[in-house]
Amino acid sequence: MSNVNISIKNVANKLQIKPEQVGATLQLLNNGATIPFISRYRKNITGGLDEEVIAKINDYYVYDIELLKRKEFITNILNEKGLLTEELKNKINDAFTKQEVENIYEPFKIGKKTKASEAIALGLEPFAQEIMTNTDINFDIYKEAKKYISDKLKSVDEVILQTKYIIAQIISQDIDMREYVKNNIYNFGIIETKIKKNAIDEKQTFLKYYDYKEKIKYIPNHRILAINRGEEKKILSYDLIFNEKPILYFLRNKYFVNKRTATIINESLDDSLKRLVYPSIIREIKNDLFTKASSEAIKLFATNLEQMLLAPAVKNKRILSIDPAYVNGCKIAILNEHGDFLEKSIIYPNPPKNQIKESEKIVTNLIDKYKINLILIGNGTASRETENFIKNILFEKESQIKNKIEYLVVSEIGASVYSASEIAKEEFPHLNVEERSAINIGRKFQDPLNELIKIDPKSIGIGQYQHDVNQKELMKELYFKIDKVVNIVGVDLNTATKSILSHISGLNEKLATNIIEYRKRNGKFENREELKNVSGINEKVYEQSIGFLRLFNSNIFYDKTNIHPESYENANKLVKYLNINLFHIDKDILENIKIEKLEKEININQYELKIIIDSLLNPGKDIRDDKKGFILNEKIKTIDDIELGSIVQGQVLNITDFGVFVYIGIKQSVLIHISKMKKNSNDFVTHPSSLVSVGDNLSIKIIDIERDRDRIQGEII
């Protein structure tokens, strides 16, 4: 069986799907189809696989091919050196990961010059083998050693010393022995951390680990990442402590063949363990722990990002957005319902200037001029004071202001990163950083997806220890989530920005730029077909992208839906069969359809039918709903206003393995540890994400305050 077929079978087993599904998916990918396109429009070929599984098929397949090649390479090397036993070959073939293969190969990676290699060069390997296998109770090891005395080996003691180096190496290459030692250390060993002498930990970030012990097998991922960071910063020492006695007892019995050779073998074993085995196994365990913790942290970060990107968009709101400040004034940006920037201003309602009246006049005029529905205030410096200022205006001017106005304090996450970015400079070249920040605060609340994709996802401030994990894998997973969400939501071809268009299936930054330029020259697209007139949009690109691009002004009904142009004929077929009026769609007909029956009657596969029916039911459907901002606690302005036992409202900003961070309207977020997320004592919480999502509003009770460390802890009530 070829490597390709073996890998397809392996991938299918890992994902618990059919090999035919894996093969079909790989063929589509090899032919240039994108993951979003396959997931939505080729379910009939893949058997209904979604984006996550399709991505894993590709990743697992590439990994498995590389793994098989590495296995072949190592097997050949060991065979050439005469080291490949049937047992070793089976161990390599049975390995599931590259790391497992490398761990097996590790003790055989003999450098150009080692103590054992020098001894082997002296002709002592036969003597080493004799010592390890001879069962004759009359065997005289010293008499045998005399046979190897030479100009280079001048005494029996020297012969035996050099021979022990060879025995130590042979023991270190025993795969079963290494597996036993590793399992023993992992299952019964302890992680021990201590603060290093003269270490500087200004905010006592690693205080918990200054003198800390925990069983290796039970330590959670977030603690491994914290310990690794502390070690990287040269604040912590990190050791694995274990009991050697049971290991020695087991291995001395394992290698015992003759009491006449036991002493030599035991001395070689001690040397092998201390010099070759323990350091290597400890590195393996540390690497395994970090790899697992890193992988889980990446998944968590990606999940948090997906939830944040899918946060509901606000519709039909004219927004006055404020980036609050003291000395430099509050920057104001006016945005229309589509997020278009209309006007900027600056006010000084806060200390030290306290220009209350002048600021009131500016804000009131802007509210009237643009018929503002919603005022947004960033949750950074001076947000509380600015909130009070706005609240007073709305209270005092309620009779004068004609339309109903709400105000909310919202997250500034990513605003500073965006405002200084090249994208921001390109979008608003004549505005300063703070003015761009005000626009971003408003737009991000209006449509989180459209704005968050403009910045490095690592700057969003979610997840745990994101700068410590594998950066290549992290960025790959985060951008997969961005692409997934953008294509799930879809975009309006006539209003989408270059940033969001570049994430659409089949498109890239260059093609997105070409679309924007075409729009500038020719005005709005009249229909989907017109996209083919854009430079660089060939048939393949059109096929992959067009289903995710909508046109609400098109005279072709299906252009505003998820229905792909390749399915327009089948859509018409269904509409005609059911006698549906596209201008007055009878939803009862569509909601009561039996898909399996209809599939046979009109010969359209069930997956295509579901897309068509769903699109007819909800032609302009946006999977995101309206939303609220942060829930504010009127009496809480600083950490000094928090008291033990206080009940406060907050919104989930970040989810980690060990708990969630909740914003309550002040600089310091409240940590709710996973142990404090239970509603009753009988609950068992496997992970915080099983209970809450980013953006959820919670009622919490304050249970601990460390004012000197700016830390607050709470529990869900």
# chains A, B, ... in the order shown; residues from 1 in each chain; ligands from 1
call {"tool": "residues_around", "arguments": {"residues": "segment 16-28 of chain A", "least_positions_apart": "2", "cutoff": "10 Å", "atoms": "only C-alpha atoms", "output": "compact mmCIF listing (two decimals) with N, CA and C atoms, in the first residue's frame"}}
result
# COMPACT_ATOMS: atom_id res chain seq x y z
N VAL A 4 0.38 7.35 0.35
CA VAL A 4 -0.83 8.16 0.19
C VAL A 4 -2.04 7.42 0.74
N ASN A 5 -2.19 6.16 0.35
CA ASN A 5 -3.33 5.37 0.81
C ASN A 5 -3.26 5.08 2.31
N ILE A 6 -2.04 4.85 2.78
CA ILE A 6 -1.87 4.62 4.22
C ILE A 6 -2.29 5.87 5.00
N SER A 7 -1.85 7.03 4.52
CA SER A 7 -2.17 8.29 5.21
C SER A 7 -3.66 8.58 5.17
N ILE A 8 -4.30 8.33 4.03
CA ILE A 8 -5.76 8.54 3.94
C ILE A 8 -6.47 7.68 4.97
N LYS A 9 -6.04 6.43 5.09
CA LYS A 9 -6.65 5.52 6.07
C LYS A 9 -6.39 6.00 7.49
N ASN A 10 -5.16 6.44 7.75
CA ASN A 10 -4.81 6.94 9.09
C ASN A 10 -5.64 8.16 9.46
N VAL A 11 -5.79 9.09 8.51
CA VAL A 11 -6.56 10.31 8.76
C VAL A 11 -8.02 9.97 9.03
N ALA A 12 -8.57 9.05 8.24
CA ALA A 12 -9.96 8.63 8.43
C ALA A 12 -10.16 8.04 9.82
N ASN A 13 -9.21 7.23 10.27
CA ASN A 13 -9.30 6.62 11.60
C ASN A 13 -9.26 7.68 12.70
N LYS A 14 -8.37 8.65 12.54
CA LYS A 14 -8.26 9.72 13.55
C LYS A 14 -9.54 10.52 13.67
N ASN A 30 -6.71 19.69 -3.63
CA ASN A 30 -5.64 19.65 -4.63
C ASN A 30 -6.04 20.34 -5.93
N ASN A 31 -7.34 20.41 -6.20
CA ASN A 31 -7.84 21.06 -7.41
C ASN A 31 -8.09 22.55 -7.21
N GLY A 32 -7.69 23.06 -6.04
CA GLY A 32 -7.76 24.50 -5.81
C GLY A 32 -8.99 24.98 -5.09
N ALA A 33 -9.83 24.07 -4.61
CA ALA A 33 -11.02 24.49 -3.85
C ALA A 33 -10.60 24.92 -2.45
N THR A 34 -11.27 25.94 -1.92
CA THR A 34 -10.95 26.42 -0.57
C THR A 34 -11.80 25.67 0.45
N ILE A 35 -11.36 25.75 1.71
CA ILE A 35 -12.09 25.07 2.78
C ILE A 35 -13.51 25.61 2.93
N PHE A 37 -15.43 27.00 0.67
CA PHE A 37 -16.20 26.60 -0.51
C PHE A 37 -16.61 25.12 -0.42
N ILE A 38 -15.65 24.29 -0.06
CA ILE A 38 -15.94 22.85 0.06
C ILE A 38 -17.00 22.61 1.13
N SER A 39 -16.83 23.30 2.27
CA SER A 39 -17.74 23.11 3.39
C SER A 39 -19.17 23.48 3.04
N ARG A 42 -19.85 21.82 -1.43
CA ARG A 42 -19.48 20.48 -1.90
C ARG A 42 -19.75 19.41 -0.85
N LYS A 43 -20.74 19.64 -0.02
CA LYS A 43 -21.11 18.66 1.00
C LYS A 43 -21.56 17.34 0.37
N ILE A 45 -20.23 15.90 -2.03
CA ILE A 45 -19.03 15.12 -2.37
C ILE A 45 -18.32 14.63 -1.11
N THR A 46 -18.28 15.49 -0.07
CA THR A 46 -17.54 15.13 1.16
C THR A 46 -18.40 14.39 2.17
N GLY A 47 -19.69 14.31 1.92
CA GLY A 47 -20.57 13.67 2.89
C GLY A 47 -20.94 14.59 4.03
N GLY A 48 -20.98 15.90 3.76
CA GLY A 48 -21.45 16.86 4.75
C GLY A 48 -20.41 17.35 5.73
N LEU A 49 -19.13 17.27 5.40
CA LEU A 49 -18.08 17.70 6.34
C LEU A 49 -18.06 19.22 6.50
N VAL A 53 -13.45 20.00 10.23
CA VAL A 53 -13.01 18.66 9.84
C VAL A 53 -12.19 18.72 8.55
N ILE A 54 -12.62 19.54 7.59
CA ILE A 54 -11.88 19.67 6.33
C ILE A 54 -10.47 20.18 6.59
N ALA A 55 -10.35 21.17 7.46
CA ALA A 55 -9.03 21.70 7.80
C ALA A 55 -8.16 20.63 8.45
N ILE A 57 -8.44 17.39 8.02
CA ILE A 57 -8.08 16.40 7.00
C ILE A 57 -6.80 16.83 6.31
N ASN A 58 -6.77 18.08 5.91
CA ASN A 58 -5.59 18.60 5.21
C ASN A 58 -4.35 18.55 6.10
N TYR A 61 -3.29 14.93 7.03
CA TYR A 61 -2.73 14.23 5.87
C TYR A 61 -1.28 14.66 5.62
call {"tool": "select_by_dssp", "arguments": {"residues": "segment 218-431 of chain A", "states": "strand (DSSP E or B)", "output": "JSON, numbers by chain"}}
result
{"A": [236, 237, 238, 239, 240, 241, 319, 320, 321, 322, 323, 330, 331, 332, 333, 334, 335, 341, 342, 343, 344, 345, 346, 347, 374, 375, 376, 377, 378, 406, 407, 408, 409, 410]}
call {"tool": "residues_around", "arguments": {"residues": "Val485 of chain A", "least_positions_apart": "5", "cutoff": "8 Å", "atoms": "only C-alpha atoms", "output": "PDB file with N, CA and C atoms, in the first residue's frame"}}
result
ATOM      1  N   GLU A 306     -13.081  33.294  17.704  1.00  0.00           N
ATOM      2  CA  GLU A 306     -14.263  33.005  16.891  1.00  0.00           C
ATOM      3  C   GLU A 306     -15.518  33.575  17.541  1.00  0.00           C
ATOM      4  N   LEU A 309     -15.449  37.355  17.090  1.00  0.00           N
ATOM      5  CA  LEU A 309     -15.729  37.757  15.709  1.00  0.00           C
ATOM      6  C   LEU A 309     -17.199  37.578  15.355  1.00  0.00           C
ATOM      7  N   LEU A 310     -17.837  36.605  15.994  1.00  0.00           N
ATOM      8  CA  LEU A 310     -19.246  36.339  15.719  1.00  0.00           C
ATOM      9  C   LEU A 310     -20.182  37.169  16.592  1.00  0.00           C
TER      10      LEU A 310
END
call {"tool": "atom_distance", "arguments": {"atom1": "atom CA of Lys635 of chain A", "atom2": "atom CA of Tyr663 of chain A"}}
result
14.7 Å
call {"tool": "select_by_dssp", "arguments": {"residues": "segment 419-518 of chain A", "states": "alpha helix (DSSP H)", "output": "PyMOL selection string"}}
result
chain A and resi 419+422-427+433-446+448-452+471-489+498-501+509-518
call {"tool": "closest_residue", "arguments": {"among": "A:Lys152, A:Arg275, A:Ile265, A:Phe206", "to": "Ser237 of chain A", "atoms": "only C-alpha atoms"}}
result
A:Phe206
call {"tool": "residues_around", "arguments": {"residues": "Ile322 of chain A", "least_positions_apart": "2", "cutoff": "6 Å", "atoms": "only C-alpha atoms", "output": "compact mmCIF listing (two decimals) with all heavy atoms, in the first residue's frame"}}
result
# COMPACT_ATOMS: atom_id res chain seq x y z
N PRO A 324 -12.15 58.53 25.30
CA PRO A 324 -12.04 59.48 26.42
C PRO A 324 -10.60 59.75 26.84
O PRO A 324 -9.71 58.92 26.63
CB PRO A 324 -12.81 58.77 27.53
CG PRO A 324 -12.70 57.32 27.22
CD PRO A 324 -12.66 57.22 25.72
N LYS A 331 -11.71 62.53 22.06
CA LYS A 331 -11.87 62.58 20.60
C LYS A 331 -13.23 61.98 20.23
O LYS A 331 -13.60 60.92 20.73
CB LYS A 331 -10.75 61.81 19.91
CG LYS A 331 -9.33 62.18 20.37
CD LYS A 331 -9.04 63.65 20.17
CE LYS A 331 -7.59 64.00 20.49
NZ LYS A 331 -7.20 63.75 21.89
N ILE A 332 -13.94 62.65 19.34
CA ILE A 332 -15.27 62.22 18.92
C ILE A 332 -15.25 61.87 17.44
O ILE A 332 -14.65 62.59 16.63
CB ILE A 332 -16.32 63.32 19.19
CG1 ILE A 332 -16.51 63.52 20.69
CG2 ILE A 332 -17.66 62.98 18.52
CD1 ILE A 332 -17.46 64.64 21.04
N ILE A 377 -18.71 55.00 24.50
CA ILE A 377 -17.56 55.55 25.23
C ILE A 377 -16.56 54.44 25.46
O ILE A 377 -16.90 53.38 26.01
CB ILE A 377 -18.01 56.13 26.59
CG1 ILE A 377 -19.12 57.16 26.39
CG2 ILE A 377 -16.83 56.74 27.34
CD1 ILE A 377 -19.93 57.41 27.64
N ALA A 438 -11.04 56.64 18.01
CA ALA A 438 -12.46 56.91 18.25
C ALA A 438 -13.32 56.23 17.18
O ALA A 438 -14.38 55.68 17.47
CB ALA A 438 -12.72 58.41 18.27
